[in-house]
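Enquirer: Coordinates in input.csv, CSV, C-alpha atoms, are listed below.
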chain,number,residue,atom,x,y,z
A,17,MET,CA,-17.7,3.5,8.0
A,18,VAL,CA,-18.0,6.4,10.4
A,19,ILE,CA,-21.4,8.0,10.6
A,20,TYR,CA,-21.0,11.8,11.2
A,21,ASN,CA,-23.0,13.7,13.8
A,22,LYS,CA,-23.8,17.3,14.5
A,23,ASP,CA,-20.8,17.7,16.7
A,24,THR,CA,-18.2,16.5,14.1
A,25,ARG,CA,-16.0,19.2,12.8
A,26,LEU,CA,-17.0,19.8,9.2
A,27,SER,CA,-13.4,20.4,8.1
A,28,ASP,CA,-12.5,16.9,9.4
A,29,VAL,CA,-15.3,15.4,7.3
A,30,LEU,CA,-14.2,17.3,4.2
A,31,MET,CA,-10.6,16.3,4.6
A,32,GLN,CA,-11.6,12.7,4.9
A,33,HIS,CA,-14.1,12.9,2.0
A,34,PRO,CA,-13.1,15.6,-0.5
A,35,SER,CA,-15.9,14.4,-2.8
A,36,LEU,CA,-18.3,16.1,-0.4
A,37,ILE,CA,-17.0,19.6,-1.3
A,38,PRO,CA,-19.4,20.1,-4.2
A,39,VAL,CA,-22.2,18.6,-2.1
A,40,ILE,CA,-21.9,21.1,0.7
A,41,GLY,CA,-21.8,23.8,-1.9
A,42,ARG,CA,-25.2,22.6,-3.2
A,43,LEU,CA,-26.5,22.6,0.4
A,44,GLY,CA,-25.4,26.3,0.7
A,45,VAL,CA,-22.1,26.1,2.5
A,46,THR,CA,-19.0,27.8,1.2
A,47,LEU,CA,-15.5,26.8,2.0
A,48,GLY,CA,-13.4,28.3,4.8
A,49,VAL,CA,-15.3,26.5,7.5
A,50,GLY,CA,-12.6,26.9,10.1
A,51,ASP,CA,-13.0,24.4,13.0
A,52,GLU,CA,-16.8,24.8,13.3
A,53,SER,CA,-18.9,21.8,14.0
A,54,ILE,CA,-21.5,20.7,11.5
A,55,SER,CA,-24.4,22.1,13.6
A,56,ALA,CA,-22.6,25.5,14.0
A,57,VAL,CA,-22.0,25.7,10.2
A,58,CYS,CA,-25.7,24.7,9.6
A,59,ASP,CA,-26.9,27.3,12.0
A,60,ARG,CA,-24.8,30.0,10.5
A,61,CYS,CA,-25.9,29.1,6.9
A,62,GLY,CA,-29.6,28.6,7.8
A,63,ILE,CA,-29.5,24.9,6.9
A,64,ASP,CA,-31.5,22.2,8.7
A,65,THR,CA,-28.8,20.2,10.5
A,66,PRO,CA,-30.6,16.7,10.4
A,67,PHE,CA,-31.2,17.2,6.6
A,68,PHE,CA,-27.5,18.2,6.1
A,69,LEU,CA,-26.3,15.1,8.1
A,70,SER,CA,-28.6,12.8,6.2
A,71,VAL,CA,-27.4,14.0,2.8
A,72,VAL,CA,-23.8,13.8,3.8
A,73,ASN,CA,-24.0,10.4,5.4
A,74,THR,CA,-26.1,8.9,2.6
A,75,PHE,CA,-23.6,10.4,0.0
A,76,ILE,CA,-20.5,8.9,1.5
A,77,ASP,CA,-21.7,5.6,3.0
A,78,GLY,CA,-23.2,2.9,0.8
A,79,GLN,CA,-24.6,1.1,3.9
A,80,TYR,CA,-26.2,4.2,5.5
A,81,PHE,CA,-29.9,4.7,5.4
A,82,PRO,CA,-31.4,7.9,6.9
A,83,VAL,CA,-33.3,7.4,10.1
A,84,ASN,CA,-36.9,8.6,9.9
A,85,PRO,CA,-36.3,10.1,6.4
A,86,ARG,CA,-39.9,11.4,6.4
A,87,ASP,CA,-39.1,13.6,9.4
A,88,THR,CA,-35.9,14.9,7.9
A,89,PHE,CA,-36.6,15.3,4.2
A,90,THR,CA,-39.3,17.3,2.8
A,91,LEU,CA,-40.1,16.9,-0.9
A,92,GLU,CA,-39.2,20.5,-1.6
A,93,LYS,CA,-35.8,20.3,0.1
A,94,THR,CA,-35.0,17.0,-1.7
A,95,ILE,CA,-36.0,18.4,-5.1
A,96,ASP,CA,-34.1,21.6,-4.4
A,97,TYR,CA,-31.0,19.6,-3.6
A,98,LEU,CA,-31.3,17.4,-6.7
A,99,GLU,CA,-31.9,20.4,-9.0
A,100,LYS,CA,-28.7,22.0,-7.7
A,101,THR,CA,-26.9,18.8,-8.3
A,102,ASP,CA,-28.3,18.7,-11.9
A,103,ARG,CA,-27.2,22.3,-12.5
A,104,TYR,CA,-23.7,21.4,-11.2
A,105,TYR,CA,-23.5,18.5,-13.7
A,106,LEU,CA,-24.7,20.7,-16.6
A,107,LYS,CA,-22.8,23.9,-15.8
A,108,ALA,CA,-19.6,22.6,-14.3
A,109,GLN,CA,-18.8,18.9,-14.6
A,110,LEU,CA,-19.9,18.1,-18.1
A,111,PRO,CA,-18.4,21.2,-19.7
A,112,ASN,CA,-15.2,20.6,-17.7
A,113,ILE,CA,-14.9,17.1,-19.1
A,114,GLU,CA,-15.7,18.3,-22.6
A,115,ARG,CA,-13.1,21.1,-22.4
A,116,HIS,CA,-10.4,18.7,-21.2
A,117,PHE,CA,-11.4,16.1,-23.8
A,118,THR,CA,-11.3,18.8,-26.6
A,119,SER,CA,-7.8,19.8,-25.5
A,120,LEU,CA,-6.7,16.2,-25.3
A,121,MET,CA,-7.9,15.5,-28.8
A,122,SER,CA,-6.2,18.5,-30.3
A,123,ARG,CA,-2.9,17.8,-28.5
A,124,SER,CA,-2.8,14.1,-29.2
A,125,GLY,CA,-2.8,13.8,-33.0
A,126,LYS,CA,-4.7,11.1,-34.8
A,127,ASP,CA,-2.6,8.1,-34.0
A,128,ASN,CA,-4.8,6.7,-31.3
A,129,ASN,CA,-8.4,5.5,-30.6
A,130,LEU,CA,-9.4,8.6,-28.5
A,131,SER,CA,-12.2,9.5,-31.0
A,132,LEU,CA,-14.1,6.2,-30.0
A,133,LEU,CA,-13.8,7.2,-26.4
A,134,LEU,CA,-15.0,10.7,-27.1
A,135,LYS,CA,-18.0,9.3,-28.9
A,136,PHE,CA,-18.8,7.0,-26.0
A,137,PHE,CA,-18.5,10.0,-23.6
A,138,LYS,CA,-20.8,12.1,-25.8
A,139,GLU,CA,-23.5,9.3,-25.7
A,140,ALA,CA,-23.3,9.2,-21.9
A,141,SER,CA,-23.4,12.9,-21.7
A,142,ASP,CA,-26.4,13.2,-24.0
A,143,GLU,CA,-28.3,10.6,-21.9
A,144,LEU,CA,-27.5,12.5,-18.7
A,145,LYS,CA,-28.7,15.7,-20.2
A,146,GLU,CA,-31.9,13.9,-21.3
A,147,CYS,CA,-32.5,12.6,-17.8
A,148,ILE,CA,-32.0,16.0,-16.3
A,149,ALA,CA,-34.3,17.6,-18.8
A,150,TYR,CA,-37.0,15.0,-17.9
A,151,ASP,CA,-36.5,15.7,-14.2
A,152,SER,CA,-36.6,19.5,-14.5
A,153,ASP,CA,-39.4,19.7,-17.2
A,154,VAL,CA,-41.7,16.9,-16.1
A,155,LEU,CA,-40.9,15.1,-12.9
A,156,TYR,CA,-40.1,18.0,-10.5
A,157,PRO,CA,-42.9,20.3,-11.6
A,158,ALA,CA,-45.4,17.4,-11.4
A,159,LEU,CA,-44.3,16.4,-7.9
A,160,ARG,CA,-44.5,20.0,-6.8
A,161,ALA,CA,-48.1,20.0,-8.0
A,162,GLY,CA,-48.8,16.8,-6.1
A,163,ILE,CA,-48.9,14.6,-9.3
A,164,VAL,CA,-46.8,11.4,-9.8
A,165,PRO,CA,-45.9,11.1,-13.5
A,166,GLY,CA,-45.8,7.6,-15.0
A,167,GLY,CA,-42.4,6.0,-15.8
A,168,TYR,CA,-40.5,7.8,-13.1
A,169,SER,CA,-38.9,4.5,-11.9
A,170,GLU,CA,-37.5,3.7,-15.3
A,171,ARG,CA,-36.0,7.2,-15.4
A,172,ALA,CA,-34.3,6.5,-12.0
A,173,THR,CA,-32.8,3.4,-13.5
A,174,ALA,CA,-31.4,5.5,-16.4
A,175,HIS,CA,-29.4,7.5,-13.9
A,176,ASN,CA,-27.7,4.3,-12.8
A,177,GLU,CA,-27.0,3.3,-16.3
A,178,ILE,CA,-25.2,6.6,-17.0
A,179,GLY,CA,-23.0,6.0,-13.9
A,180,GLU,CA,-22.2,2.6,-15.4
A,181,LYS,CA,-21.3,4.1,-18.7
A,182,LEU,CA,-18.9,6.6,-17.1
A,183,HIS,CA,-17.4,3.7,-15.2
A,184,ASP,CA,-16.9,1.9,-18.5
A,185,LEU,CA,-15.3,5.0,-20.0
A,186,ILE,CA,-12.7,5.0,-17.3
A,187,TYR,CA,-12.1,1.3,-18.0
A,188,PHE,CA,-11.5,2.1,-21.7
A,189,PHE,CA,-9.0,4.7,-20.8
A,190,VAL,CA,-7.2,2.5,-18.4
A,191,ALA,CA,-7.2,-0.8,-20.3
A,192,GLN,CA,-8.0,-0.1,-24.0
A,193,LEU,CA,-6.3,3.2,-24.9
A,194,LYS,CA,-4.0,2.7,-27.9
A,195,GLY,CA,-1.5,5.0,-29.6
A,196,VAL,CA,0.1,8.3,-28.8
A,197,TYR,CA,-1.7,10.8,-26.5
A,198,ASP,CA,-1.0,13.7,-24.2
A,199,HIS,CA,-0.5,12.1,-20.8
A,200,ASN,CA,-1.3,15.1,-18.6
A,201,LEU,CA,-4.5,16.0,-20.5
A,202,CYS,CA,-5.5,12.3,-20.5
A,203,THR,CA,-5.1,12.2,-16.7
A,204,ALA,CA,-7.2,15.4,-16.4
A,205,VAL,CA,-10.0,13.8,-18.5
A,206,ILE,CA,-10.0,10.6,-16.4
A,207,SER,CA,-10.0,12.6,-13.1
A,208,ALA,CA,-12.9,14.7,-14.3
A,209,VAL,CA,-14.9,11.6,-15.5
A,210,PHE,CA,-14.1,9.8,-12.3
A,211,SER,CA,-15.3,12.7,-10.2
A,212,LEU,CA,-18.6,12.9,-12.2
A,213,GLU,CA,-19.1,9.1,-12.0
A,214,ARG,CA,-18.6,9.0,-8.3
A,215,ASP,CA,-20.9,12.0,-7.8
A,216,ILE,CA,-23.6,10.4,-9.8
A,217,ARG,CA,-23.2,7.0,-8.1
A,218,GLN,CA,-23.3,8.6,-4.6
A,219,ASN,CA,-26.1,10.9,-5.5
A,220,ASN,CA,-28.2,8.1,-6.9
A,221,ARG,CA,-28.4,6.8,-3.3
A,222,ILE,CA,-30.2,10.0,-2.4
A,223,ARG,CA,-32.5,9.6,-5.3
A,224,GLU,CA,-33.2,5.9,-4.6
A,225,ARG,CA,-33.4,6.0,-0.8
A,226,ILE,CA,-35.1,9.3,-0.3
A,227,LEU,CA,-36.9,10.7,-3.5
A,228,ILE,CA,-38.2,7.4,-4.8
A,229,PRO,CA,-39.8,6.3,-1.5
A,230,MET,CA,-41.4,9.7,-1.3
A,231,ILE,CA,-42.8,9.4,-4.8
A,232,MET,CA,-44.1,5.9,-4.0
A,233,GLU,CA,-45.8,7.2,-0.9
A,234,MET,CA,-47.4,10.0,-2.9
A,235,ALA,CA,-48.6,7.6,-5.6
A,236,GLY,CA,-50.2,5.4,-2.8
A,237,GLY,CA,-51.6,8.5,-1.1
A,238,ILE,CA,-53.2,10.0,-4.1
A,239,GLY,CA,-54.7,6.8,-5.4
A,240,GLY,CA,-52.4,5.9,-8.2
A,241,VAL,CA,-50.0,7.1,-10.8
A,242,GLY,CA,-50.9,9.7,-13.4
A,243,ASN,CA,-50.0,9.6,-17.1
A,244,GLY,CA,-47.6,12.6,-16.8
B,30,MET,CA,1.1,-25.2,-6.9
B,31,GLY,CA,3.1,-26.5,-3.9
B,32,GLU,CA,5.6,-23.6,-4.0
B,33,LEU,CA,5.6,-20.7,-1.6
B,34,ILE,CA,3.2,-17.9,-2.6
B,35,ARG,CA,5.0,-14.5,-2.6
B,36,ILE,CA,2.9,-11.6,-1.4
B,37,ALA,CA,3.8,-7.9,-1.4
B,38,LEU,CA,2.4,-5.6,1.2
B,39,ILE,CA,2.3,-2.2,-0.4
B,40,GLY,CA,1.7,1.2,1.2
B,41,PHE,CA,0.9,0.3,4.8
B,42,ASP,CA,2.1,2.1,7.9
B,43,THR,CA,3.9,0.2,10.6
B,44,LEU,CA,0.8,-0.7,12.7
B,45,GLU,CA,-1.1,-1.9,9.7
B,46,SER,CA,1.8,-4.0,8.5
B,47,LEU,CA,2.2,-5.6,11.9
B,48,GLY,CA,-1.5,-6.6,11.8
B,49,LEU,CA,-1.2,-8.0,8.3
B,50,ARG,CA,2.0,-9.9,9.1
B,51,LEU,CA,0.3,-11.4,12.2
B,52,LEU,CA,-2.5,-12.7,10.0
B,53,LEU,CA,-0.2,-14.0,7.2
B,54,ASN,CA,2.1,-15.7,9.8
B,55,GLU,CA,-0.8,-18.0,10.6
B,56,ILE,CA,-1.1,-19.2,7.0
B,57,LYS,CA,1.2,-21.8,5.7
B,58,GLY,CA,2.8,-21.7,2.3
B,59,CYS,CA,3.3,-17.9,1.9
B,60,THR,CA,6.0,-15.4,2.3
B,61,TYR,CA,5.6,-11.6,2.3
B,62,GLU,CA,7.6,-8.5,1.8
B,63,ARG,CA,6.7,-4.9,2.8
B,64,PHE,CA,7.1,-1.9,0.5
B,65,ASP,CA,6.3,1.6,1.6
B,66,THR,CA,5.7,2.9,-1.9
B,67,PHE,CA,4.6,1.6,-5.3
B,68,ALA,CA,7.9,2.7,-6.8
B,69,GLU,CA,9.8,0.5,-4.3
B,70,PHE,CA,7.6,-2.4,-5.1
B,71,GLU,CA,7.5,-2.1,-8.9
B,72,PRO,CA,10.9,-3.7,-9.7
B,73,PHE,CA,9.8,-6.8,-7.7
B,74,SER,CA,6.3,-7.0,-9.3
B,75,GLU,CA,7.3,-9.8,-11.7
B,76,LYS,CA,8.6,-11.9,-8.7
B,77,THR,CA,5.4,-11.5,-6.7
B,78,ASP,CA,2.3,-13.7,-6.8
B,79,GLY,CA,-0.2,-11.5,-5.0
B,80,TYR,CA,-0.6,-7.9,-3.8
B,81,VAL,CA,-2.1,-6.6,-0.6
B,82,VAL,CA,-2.3,-2.9,-1.1
B,83,SER,CA,-3.6,0.1,0.7
B,84,MET,CA,-6.5,2.1,-0.7
B,85,GLY,CA,-4.3,5.1,-1.5
B,86,ARG,CA,-1.7,3.1,-3.5
B,87,PHE,CA,-4.4,1.1,-5.2
B,88,VAL,CA,-6.3,4.2,-6.5
B,89,GLU,CA,-3.0,5.8,-7.6
B,90,ASN,CA,-2.0,2.7,-9.6
B,91,LEU,CA,-5.2,1.4,-11.1
B,92,ASP,CA,-3.5,0.7,-14.4
B,93,PHE,CA,-1.3,-1.8,-12.7
B,94,PHE,CA,-3.8,-3.4,-10.2
B,95,LEU,CA,-7.1,-3.5,-12.3
B,96,PRO,CA,-5.7,-5.9,-14.9
B,97,ARG,CA,-4.4,-8.0,-11.9
B,98,LYS,CA,-7.5,-7.7,-9.8
B,99,GLY,CA,-7.6,-11.5,-9.2
B,100,ARG,CA,-4.3,-11.2,-7.5
B,101,THR,CA,-5.0,-8.0,-5.6
B,102,LEU,CA,-6.5,-7.4,-2.1
B,103,VAL,CA,-7.2,-3.9,-1.1
B,104,ALA,CA,-6.9,-3.5,2.7
B,105,GLY,CA,-7.3,-0.7,5.2
B,106,LYS,CA,-9.9,1.7,6.3
B,107,GLY,CA,-12.1,4.2,4.4
B,108,ASP,CA,-14.6,4.2,1.5
B,109,PHE,CA,-14.2,0.9,-0.4
B,110,SER,CA,-17.1,1.5,-2.8
B,111,ASP,CA,-14.8,2.3,-5.7
B,112,SER,CA,-12.7,-0.9,-5.3
B,113,GLU,CA,-15.9,-2.9,-4.7
B,114,ARG,CA,-17.3,-1.7,-8.0
B,115,SER,CA,-14.2,-2.6,-9.8
B,116,GLY,CA,-14.5,-6.2,-8.6
B,117,VAL,CA,-11.4,-6.1,-6.5
B,118,SER,CA,-11.3,-8.1,-3.2
B,119,ILE,CA,-11.3,-5.9,-0.1
B,120,LEU,CA,-10.3,-6.4,3.5
B,121,SER,CA,-11.8,-3.8,5.8
B,122,CYS,CA,-10.1,-2.9,9.1
B,123,ALA,CA,-13.5,-2.3,10.4
B,124,GLY,CA,-14.2,-6.1,10.2
B,125,ASP,CA,-13.8,-8.2,13.3
B,126,GLU,CA,-10.8,-10.5,13.8
B,127,SER,CA,-12.4,-13.6,12.3
B,128,ASP,CA,-13.5,-11.7,9.2
B,129,LEU,CA,-9.9,-10.4,8.7
B,130,ARG,CA,-8.5,-13.9,9.2
B,131,GLU,CA,-11.0,-15.4,6.7
B,132,GLY,CA,-10.4,-12.6,4.2
B,133,ILE,CA,-6.6,-13.2,4.2
B,134,GLU,CA,-7.0,-17.0,4.0
B,135,ARG,CA,-9.5,-16.8,1.1
B,136,PHE,CA,-7.1,-14.5,-0.7
B,137,VAL,CA,-4.1,-16.7,-0.3
B,138,LYS,CA,-6.1,-19.8,-1.2
B,139,ALA,CA,-7.3,-18.2,-4.4
B,140,LEU,CA,-3.6,-17.4,-5.2
B,141,LYS,CA,-2.6,-21.0,-4.6
B,142,GLY,CA,-5.4,-22.3,-6.8
B,143,GLY,CA,-4.6,-19.9,-9.5
B,144,ASP,CA,-8.2,-18.7,-9.1
B,145,VAL,CA,-8.0,-15.6,-11.2
B,146,PRO,CA,-10.6,-14.3,-13.7
B,147,ASP,CA,-10.6,-16.4,-16.8
B,148,GLU,CA,-10.8,-15.3,-20.4
B,149,LEU,CA,-14.3,-15.3,-22.0
B,150,SER,CA,-15.6,-18.8,-22.8
B,151,GLY,CA,-16.8,-19.6,-26.4
B,152,ARG,CA,-20.4,-19.2,-25.4
B,153,GLU,CA,-19.8,-15.9,-23.6
B,154,MET,CA,-18.0,-14.7,-26.8
B,155,GLU,CA,-21.1,-15.6,-28.8
B,156,VAL,CA,-23.3,-13.7,-26.3
B,157,LEU,CA,-21.0,-10.7,-26.4
B,158,ARG,CA,-21.1,-10.6,-30.3
B,159,LEU,CA,-25.0,-10.6,-30.1
B,160,ILE,CA,-25.0,-7.9,-27.4
B,161,ALA,CA,-22.6,-5.8,-29.6
B,162,SER,CA,-24.9,-6.2,-32.6
B,163,GLY,CA,-27.7,-4.6,-30.6
B,164,LYS,CA,-29.7,-7.7,-29.7
B,165,ILE,CA,-31.8,-7.7,-26.5
B,166,ASN,CA,-31.8,-10.6,-24.1
B,167,LYS,CA,-34.9,-12.3,-25.6
B,168,GLU,CA,-33.4,-12.2,-29.1
B,169,ILE,CA,-30.0,-13.5,-27.8
B,170,ALA,CA,-31.9,-16.4,-26.1
B,171,ASP,CA,-33.8,-17.3,-29.3
B,172,ALA,CA,-30.6,-17.1,-31.4
B,173,LEU,CA,-28.7,-19.4,-29.1
B,174,CYS,CA,-31.6,-21.6,-28.1
B,175,ILE,CA,-31.1,-20.9,-24.4
B,176,SER,CA,-33.3,-19.3,-21.8
B,177,VAL,CA,-33.4,-15.6,-21.0
B,178,ASN,CA,-32.1,-16.4,-17.5
B,179,THR,CA,-29.1,-18.1,-19.0
B,180,VAL,CA,-28.4,-15.1,-21.2
B,181,ILE,CA,-28.6,-12.9,-18.1
B,182,THR,CA,-26.1,-15.2,-16.3
B,183,HIS,CA,-23.8,-15.0,-19.3
B,184,ARG,CA,-24.0,-11.2,-19.3
B,185,LYS,CA,-23.2,-11.0,-15.6
B,186,ASN,CA,-20.2,-13.3,-16.1
B,187,ILE,CA,-19.0,-11.3,-19.1
B,188,SER,CA,-19.3,-8.1,-17.1
B,189,ALA,CA,-17.5,-9.5,-14.2
B,190,LYS,CA,-14.6,-10.9,-16.3
B,191,LEU,CA,-14.2,-7.8,-18.4
B,192,GLY,CA,-15.0,-5.2,-15.7
B,193,ILE,CA,-17.5,-3.5,-18.1
B,194,LYS,CA,-21.0,-2.8,-16.9
B,195,SER,CA,-23.1,-1.2,-19.7
B,196,ALA,CA,-24.3,-2.8,-22.9
B,197,SER,CA,-22.8,0.0,-25.0
B,198,GLY,CA,-19.5,-0.5,-23.1
B,199,LEU,CA,-19.6,-4.2,-24.1
B,200,SER,CA,-20.3,-3.2,-27.7
B,201,LEU,CA,-17.3,-0.8,-27.7
B,202,TYR,CA,-15.1,-3.4,-26.2
B,203,ALA,CA,-16.2,-5.9,-28.9
B,204,MET,CA,-15.4,-3.4,-31.6
B,205,MET,CA,-12.1,-2.3,-30.2
B,206,ASN,CA,-10.9,-5.9,-29.9
B,207,GLY,CA,-12.1,-7.2,-33.3
B,208,ILE,CA,-14.8,-9.4,-31.8
B,209,ILE,CA,-17.3,-7.9,-34.2
Could you render the structure from this file as structure tokens?

Expert:
Amino acid sequence: MVIYNKDTRLSDVLMQHPSLIPVIGRLGVTLGVGDESISAVCDRCGIDTPFFLSVVNTFIDGQYFPVNPRDTFTLEKTIDYLEKTDRYYLKAQLPNIERHFTSLMSRSGKDNNLSLLLKFFKEASDELKECIAYDSDVLYPALRAGIVPGGYSERATAHNEIGEKLHDLIYFFVAQLKGVYDHNLCTAVISAVFSLERDIRQNNRIRERILIPMIMEMAGGIGGVGNG
Amino acid sequence: MGELIRIALIGFDTLESLGLRLLLNEIKGCTYERFDTFAEFEPFSEKTDGYVVSMGRFVENLDFFLPRKGRTLVAGKGDFSDSERSGVSILSCAGDESDLREGIERFVKALKGGDVPDELSGREMEVLRLIASGKINKEIADALCISVNTVITHRKNISAKLGIKSASGLSLYAMMNGII
């Protein structure tokens, strides 16, 4: 896997990995990047280039671990990025899947098992919303105040489990769907679920390799974990 | 088996095909045929024992390849994390020559031995029923008089065979297939 550096043209990276397009949006870059290098884009948008590179490389490469993450990632930058990611899930991706799913159900009649798949999606969606609510209401405010709430690592595991459920949902569409359904809308739902599942999976690497070590260090530094 | 193993090379450019043919030529007992597109390959799918497929064609035709993942090898360059997660064998261009040779040999050997994912065993079916009824590992272990570690091993095998990762996914599978 290629590791991108500051001189790589951002357009080349995005053409190779289109799943990064929402990620660069979260980092503050809008499309229409011309043939600018990553460092030129970062300078223009006021983004720290090493931070940008670490997020991008961690996101696309399962084997990549940021070098000197403590020099590159501040807690505030990391939380800010994760909050934007959560907002993207809540405001864009989940409603997008729900909209497509609703259309699929209404255009596919009753002679199928789609309602079971919709129920399965809703469970995963509710769990994701619950995780995001915990992060935004409890975890991030506590971390900003220098406190480590208890149970944060279990919550991090819950993010992985949601990714697994979305993976399973794709499996149920691919292998277990029965009856008559609208093919185009079904493809749209699967594509949207696949996009969210991949984003969660790739983003979990940032949570596990950057945020969790920061929290563990904080917990050590402040003499233990609070009750949160 | 004894008979020749027939392998389809699907979706590779000329250079990639040359490399794959070079590797396959070194292995006895197999023949191969190249197809540029999935549409070209499809009429021959019944007459083929194994599929070496590019990442692009694999992703576009998951409904064909996932149920046949024991007979599928995804080869090429790029991000393999999706195919890894789906349990499909991969052959990365980034590997060195001996890795590529070993990867192809292992794939052909598995085809010869008929080493494709099995159906669930009776014990795994029992574990699946208990998972689907909401039991946790300890309760399953007690119900079947086995250790928790054995339950965990059964769960891993069930997940690998079905391609389902979550407990609620396993429950839904059991329900949809009349297992509970």

Enquirer: Which chain B residues are at most 7 Å from chain A (counting all atoms listed in the file), as a VMD selection string?

Expert: chain B and resid 92 107 193 to 195 198

Enquirer: Would you compute the distance between atom CA of Leu159 of chain B and atom CA of Ile216 of chain A? Give it in Å to one decimal.

Expert: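 Separation between atom CA of Leu159 of chain B and atom CA of Ile216 of chain A: 29.2 Å.
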
Enquirer: For a test of reading the model, state the distance in Å between atom CA of Lys22 of chain A and atom CA of Phe67 of chain A, rounded to one decimal.

Expert: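 Result for atom CA of Lys22 of chain A versus atom CA of Phe67 of chain A: 10.8 Å, one decimal.
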
Enquirer: Mind checking which residues fall within 9 Å of Val103 of chain B, counting all atoms listed in the file, ignoring those fewer than 6 positions away in the same chain, and posting them as a PyMOL selection string?

Expert: chain B and resi 80-84+87+109+112+117-121

Enquirer: Find the distance between atom CA of Lys167 of chain B and atom CA of Gly151 of chain B and write it in Å to one decimal.

Expert: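 Separation of atom CA of Lys167 of chain B and atom CA of Gly151 of chain B: 19.5 Å.
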
Enquirer: Between B:Ser176, B:Ser150, B:Thr182, B:Ser200, which has the minimum distance to Lys164 of chain B (counting only C-alpha atoms)?

Expert: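 Comparing B:Ser176, B:Ser150, B:Thr182, B:Ser200 against Lys164 of chain B, the winner is B:Ser200.
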
Enquirer: What lies within 12 Å of Ser53 of chain A using all atoms listed in the file, ignoring chain neighbours under 6 positions off, as a PyMOL selection string?

Expert: chain A and resi 20-30+59-60+65+69

Enquirer: Using all atoms listed in the file - which residues lie no farther than 8 Å from the point (-43.8, 9.4, -6.1) in the file's frame? Write them as a list in words.

Expert: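 Looking at atoms near the point gives Leu159, Ile163, Val164, Pro165, Tyr168, Leu227, Ile228, Pro229, Met230, Ile231, Met232, Glu233, Met234 and Ala235 of chain A.
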
Enquirer: Atoms are missing here; could segment 115-127 of chain B be completed with N, CA and C atoms and written as a PDB file, in the frame of the given file?

Expert:
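This is the output file selection32.pdb:
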ATOM      1  N   SER B 115     -15.087  -2.083  -8.813  1.00  0.00           N
ATOM      2  CA  SER B 115     -14.200  -2.600  -9.800  1.00  0.00           C
ATOM      3  C   SER B 115     -13.926  -4.081  -9.683  1.00  0.00           C
ATOM      4  N   GLY B 116     -14.576  -4.713  -8.711  1.00  0.00           N
ATOM      5  CA  GLY B 116     -14.500  -6.200  -8.600  1.00  0.00           C
ATOM      6  C   GLY B 116     -13.264  -6.646  -7.851  1.00  0.00           C
ATOM      7  N   VAL B 117     -12.565  -5.752  -7.182  1.00  0.00           N
ATOM      8  CA  VAL B 117     -11.400  -6.100  -6.500  1.00  0.00           C
ATOM      9  C   VAL B 117     -11.752  -6.609  -5.056  1.00  0.00           C
ATOM     10  N   SER B 118     -11.036  -7.645  -4.542  1.00  0.00           N
ATOM     11  CA  SER B 118     -11.300  -8.100  -3.200  1.00  0.00           C
ATOM     12  C   SER B 118     -10.887  -7.048  -2.190  1.00  0.00           C
ATOM     13  N   ILE B 119     -11.653  -6.940  -1.092  1.00  0.00           N
ATOM     14  CA  ILE B 119     -11.300  -5.900  -0.100  1.00  0.00           C
ATOM     15  C   ILE B 119     -11.228  -6.574   1.289  1.00  0.00           C
ATOM     16  N   LEU B 120     -10.425  -5.960   2.144  1.00  0.00           N
ATOM     17  CA  LEU B 120     -10.300  -6.400   3.500  1.00  0.00           C
ATOM     18  C   LEU B 120     -10.405  -5.141   4.374  1.00  0.00           C
ATOM     19  N   SER B 121     -11.542  -5.004   5.061  1.00  0.00           N
ATOM     20  CA  SER B 121     -11.800  -3.800   5.800  1.00  0.00           C
ATOM     21  C   SER B 121     -11.291  -3.892   7.241  1.00  0.00           C
ATOM     22  N   CYS B 122     -10.523  -2.900   7.684  1.00  0.00           N
ATOM     23  CA  CYS B 122     -10.100  -2.900   9.100  1.00  0.00           C
ATOM     24  C   CYS B 122     -11.230  -2.879  10.040  1.00  0.00           C
ATOM     25  N   ALA B 123     -12.386  -2.420   9.547  1.00  0.00           N
ATOM     26  CA  ALA B 123     -13.500  -2.300  10.400  1.00  0.00           C
ATOM     27  C   ALA B 123     -14.122  -3.720  10.744  1.00  0.00           C
ATOM     28  N   GLY B 124     -13.713  -4.735   9.969  1.00  0.00           N
ATOM     29  CA  GLY B 124     -14.200  -6.100  10.200  1.00  0.00           C
ATOM     30  C   GLY B 124     -13.682  -6.657  11.513  1.00  0.00           C
ATOM     31  N   ASP B 125     -14.363  -7.668  12.069  1.00  0.00           N
ATOM     32  CA  ASP B 125     -13.800  -8.200  13.300  1.00  0.00           C
ATOM     33  C   ASP B 125     -12.684  -9.203  12.955  1.00  0.00           C
ATOM     34  N   GLU B 126     -12.042  -9.723  14.001  1.00  0.00           N
ATOM     35  CA  GLU B 126     -10.800 -10.500  13.800  1.00  0.00           C
ATOM     36  C   GLU B 126     -11.030 -11.709  12.900  1.00  0.00           C
ATOM     37  N   SER B 127     -12.163 -12.405  13.121  1.00  0.00           N
ATOM     38  CA  SER B 127     -12.400 -13.600  12.300  1.00  0.00           C
ATOM     39  C   SER B 127     -12.621 -13.260  10.851  1.00  0.00           C
TER      40      SER B 127
END
